Structure formats: C-alpha cells, structure tokens
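Data file: final.txt. Format and content: compact mmCIF, C-alpha atoms.
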```txt
# COMPACT_ATOMS: atom_id res chain seq x y z
CA MET I 1 0.00 0.00 0.00
CA ILE I 2 2.70 2.53 0.96
CA GLN I 3 4.87 1.44 -1.97
CA ARG I 4 2.46 2.96 -4.46
CA ILE I 5 2.97 6.62 -5.32
CA GLN I 6 -0.76 7.37 -5.40
CA THR I 7 -0.93 6.48 -1.71
CA LEU I 8 1.49 9.29 -1.00
CA PHE I 9 -0.57 11.67 -3.16
CA TRP I 10 -3.73 10.78 -1.22
CA LEU I 11 -1.96 11.11 2.15
CA ILE I 12 -0.54 14.52 1.25
CA ASN I 13 -3.98 15.53 0.01
CA LEU I 14 -5.59 14.44 3.29
CA LEU I 15 -2.96 16.30 5.32
CA LEU I 16 -3.50 19.45 3.25
CA LEU I 17 -7.23 19.21 3.82
CA LEU I 18 -6.85 18.82 7.58
CA LEU I 19 -4.29 21.63 7.82
CA GLY I 20 -6.57 23.87 5.77
CA TYR I 21 -9.44 23.01 8.08
CA TYR I 22 -7.54 24.19 11.14
CA PHE I 23 -5.59 27.15 9.75
CA PHE I 24 -7.61 28.85 7.01
CA PRO I 25 -10.92 30.69 7.37
CA TRP I 26 -13.97 29.55 5.49
CA PRO I 27 -15.99 32.36 3.88
CA ASP I 28 -19.56 32.40 5.18
CA SER I 29 -21.00 33.88 2.00
CA ALA I 30 -19.41 31.42 -0.43
CA PHE I 31 -22.67 29.55 -0.86
CA PRO I 32 -26.05 30.86 -2.03
CA PHE I 33 -27.76 29.57 1.14
CA ASP I 34 -27.29 30.42 4.79
CA ALA I 35 -24.02 28.61 5.51
CA THR I 36 -24.11 29.59 9.18
CA ALA I 37 -27.15 27.39 9.82
CA VAL I 38 -25.51 24.32 8.30
CA PRO I 39 -21.93 23.38 9.22
CA VAL I 40 -20.80 23.26 5.58
CA LYS I 41 -17.09 23.24 6.37
CA GLU I 42 -17.38 20.30 8.77
CA ILE I 43 -19.59 18.32 6.41
CA PHE I 44 -17.25 18.89 3.47
CA VAL I 45 -14.03 18.11 5.36
CA GLY I 46 -15.54 15.10 7.14
CA GLY I 47 -17.04 13.64 3.98
CA VAL I 48 -13.89 14.10 1.95
CA ALA I 49 -11.75 12.64 4.73
CA VAL I 50 -13.95 9.54 4.93
CA ILE I 51 -13.89 9.07 1.15
CA GLN I 52 -10.11 9.46 1.10
CA LEU I 53 -9.64 6.94 3.90
CA ILE I 54 -11.84 4.44 2.05
CA THR I 55 -9.78 5.09 -1.07
CA LEU I 56 -6.53 4.60 0.82
CA LEU I 57 -7.62 1.40 2.51
CA GLY I 58 -9.08 -0.12 -0.66
CA TYR I 59 -5.69 -0.58 -2.27
CA LYS I 60 -6.63 -3.91 -3.85
CA LYS I 61 -9.66 -2.43 -5.62
CA ARG I 62 -8.12 -0.15 -8.22
CA LEU I 63 -11.33 0.52 -10.16
CA LEU I 64 -13.07 1.64 -6.95
CA GLN I 65 -10.10 3.90 -6.25
CA LEU I 66 -10.51 5.45 -9.69
CA ARG I 67 -14.19 6.14 -9.06
CA PHE I 68 -13.61 7.63 -5.61
CA THR I 69 -10.82 9.81 -6.96
CA LEU I 70 -13.19 11.17 -9.61
CA VAL I 71 -15.82 11.83 -6.93
CA LEU I 72 -13.24 13.71 -4.86
CA GLN I 73 -12.21 15.77 -7.87
CA GLY I 74 -15.84 16.69 -8.45
CA LEU I 75 -16.33 17.73 -4.82
CA TYR I 76 -13.19 19.85 -4.86
CA ALA I 77 -14.25 21.45 -8.14
CA LEU I 78 -17.69 22.33 -6.74
CA VAL I 79 -16.26 23.94 -3.62
CA PHE I 80 -13.56 25.71 -5.59
CA GLY I 81 -16.23 27.05 -7.93
CA ALA I 82 -18.28 28.29 -4.96
CA PHE I 83 -15.20 30.05 -3.58
CA ALA I 84 -14.41 31.60 -6.97
CA TYR I 85 -17.98 32.87 -7.17
CA HIS I 86 -17.65 34.33 -3.66
CA TRP I 87 -14.37 36.05 -4.50
CA ARG I 88 -15.80 37.43 -7.72
CA GLN I 89 -18.93 38.79 -6.07
CA SER I 90 -17.49 40.20 -2.85
CA GLN I 91 -14.04 41.31 -4.02
CA GLN I 92 -12.77 40.09 -0.64
CA TYR I 93 -9.91 37.70 -0.87
CA ASP I 94 -9.99 36.65 2.76
CA SER I 95 -9.85 32.90 2.20
CA LEU I 96 -7.23 32.51 -0.50
CA GLY I 97 -5.61 29.86 1.68
CA TRP I 98 -8.51 27.54 0.94
CA GLY I 99 -8.21 28.32 -2.75
CA GLY I 100 -4.59 27.23 -2.69
CA VAL I 101 -5.39 24.11 -0.70
CA LEU I 102 -8.14 23.14 -3.12
CA ALA I 103 -6.00 23.82 -6.20
CA VAL I 104 -3.05 21.77 -4.92
CA SER I 105 -5.41 19.01 -3.77
CA MET I 106 -7.01 18.82 -7.20
CA LEU I 107 -3.57 18.52 -8.78
CA LEU I 108 -2.62 15.72 -6.37
CA LEU I 109 -5.86 13.90 -7.16
CA VAL I 110 -5.13 14.09 -10.89
CA LEU I 111 -1.66 12.64 -10.27
CA ALA I 112 -3.13 9.87 -8.10
CA TYR I 113 -5.73 9.07 -10.76
CA ARG I 114 -3.06 8.75 -13.43
CA ALA I 115 -0.94 6.53 -11.17
CA VAL I 116 -3.86 4.18 -10.51
CA GLN I 117 -4.55 4.00 -14.25
CA ARG I 118 -0.90 3.13 -14.84
CA ASP I 119 -1.12 0.34 -12.24
CA GLU I 120 -4.29 -1.00 -13.82
CA ARG I 121 -2.67 -1.06 -17.28
CA LEU I 122 0.34 -2.89 -15.83
CA VAL I 123 -1.82 -5.54 -14.16
CA ARG I 124 -3.84 -6.08 -17.32
CA SER I 125 -0.72 -6.45 -19.43
CA VAL I 126 0.70 -9.03 -17.02
CA ASP I 127 -2.61 -10.91 -17.12
CA ARG I 128 -2.40 -11.06 -20.92
CA ILE I 129 1.10 -12.57 -20.73
CA ARG I 130 -0.10 -15.42 -18.49
```
Using structure tokens, write down the structure from this file.
Amino acid sequence: MIQRIQTLFWLINLLLLLLGYYFFPWPDSAFPFDATAVPVKEIFVGGVAVIQLITLLGYKKRLLQLRFTLVLQGLYALVFGAFAYHWRQSQQYDSLGWGGVLAVSMLLLVLAYRAVQRDERLVRSVDRIR
C-alpha cells in the first residue's frame, strides 16, 4: 500500500485538507444559502476525509479507487467554484488559503488518478502474458 505513489498523493492531500481546516478561514457567504445554519465546512471536510480513507484502505480495488478519486475531484471542483464565485462577487480575498489548498489538492488527485490508471494497465498487461 505505501509502496504505491498514489498512496502518498492521497496522504498529502488528506494532510492538506486537515491543515486547511484548522488554519484557514472559510468564507460564510461562499454559498447561495445560509451557511451559518448548516456546518458546511465540517460536512465537506468530514465527507472528503472519509472518502479518502476508504480510497486509501481499498488498495486492492483499483477501479473503486478510480471512481472515488473522480468523486473527490468533483467535490473539490464544486467547492472551488463556490469560492471563486464568492471572490468574484465580494471582491474580498480573505480565504485565498482555501483556494490554494483546493487547487493543490485537485492537482494531487489528478496525479493519483493517473498513477492508478498506470497500475491498472500494468496488471492487465501481465494478465495477458499469463
């Protein structure tokens, strides 16, 4: 599990998410609904952390890892889009730390996705040789 490079990408991604949760502010007006009534930040970080742990621990199920990585990319893209909308509307760049965390996390997820695809191609080519 640790020998695979995508595991390191997912671990770094999870650490970035948790560090961003504790150190960077979350804009309250990033979403079109009342974000103070619903703990959006906690739901997002908790959900993504659970999905990433399932992805990390399912190292024998590469196709499931591919699907979960795509789901994570979609979640990050939605939240990044909400933040971009907030920054565009309010002209307040108070949570650029989260923007950086999300951008780097999306890049790491793309790298992890490509590494899992490479592993899957390798396994299929070895199966053809047998």
Could you tell me how far atom CA of I:Leu108 lies from atom CA of I:Arg124, in Å and to one decimal?
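Calculated distance between atom CA of I:Leu108 and atom CA of I:Arg124 is 24.4 Å.
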Pick the closest to I:Met106 from I:Val71, I:Leu56, I:Val123, I:Ala84: which is it, counting only C-alpha atoms?
I:Val71
Extract, using only C-alpha atoms, all DNA, RNA and protein residues at most 8 Å from stretch 15-18 of chain I, discarding same-chain residues fewer than 2 positions from it, and format them as a list in words.
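Near stretch 15-18 of chain I, the qualifying residues are Leu11, Ile12, Asn13, Gly20, Tyr21, Tyr22, Val45, Val101 and Ser105 of chain I.
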For I:Ala82, the closest of I:Leu57, I:Thr69, I:Val126, I:Val40 counting all atoms listed in the file is I:Val40
From the set I:Pro39, I:Val116, I:Arg121, I:Arg4, which residue has the shortest atom-to-atom contact distance to I:Lys61, counting all atoms listed in the file?
I:Val116
What does the distance from atom CA of I:Gly81 to atom CA of I:Phe44 come to in Å, to one decimal?
14.1 Å
Dig up all the protein and nucleic acid residues within 12 Å of (-1.6, -2.3, -11.6) in the file frame, using only C-alpha atoms, and format them as number ranges by chain.
I: 1, 4-6, 59-63, 65-66, 114-127
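For the pair atom CA of I:Val48 and atom CA of I:Gln89, the interatomic distance is 26.4 Å.
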Between I:Ile43, I:Val110, I:Ala103, I:Leu70, single out the one closest to I:Thr55, counting only C-alpha atoms.
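Going through I:Ile43, I:Val110, I:Ala103, I:Leu70 one by one, the smallest distance to I:Thr55 is for I:Leu70.
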With distances taken over all atoms listed in the file, which residue among I:Tyr113, I:Leu53, I:Lys41, I:Leu64 lies nearest I:Val79?
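Ranking I:Tyr113, I:Leu53, I:Lys41, I:Leu64 by distance to I:Val79, first place goes to I:Lys41.
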Taking into account only C-alpha atoms, which residue in the set I:Thr7, I:Leu109, I:Leu14, I:Leu75 is nearest to I:Gly58?
I:Thr7
Take every atom of stretch 13-21 of chain I listed in the file, fit an axis-aligned box around them, add 8 Å per side, and give the centre and edge lengths in Å to one decimal as lines of an AutoDock Vina configuration file.
```
center_x = -6.2
center_y = 19.2
center_z = 4.0
size_x = 22.5
size_y = 25.4
size_z = 24.1
```
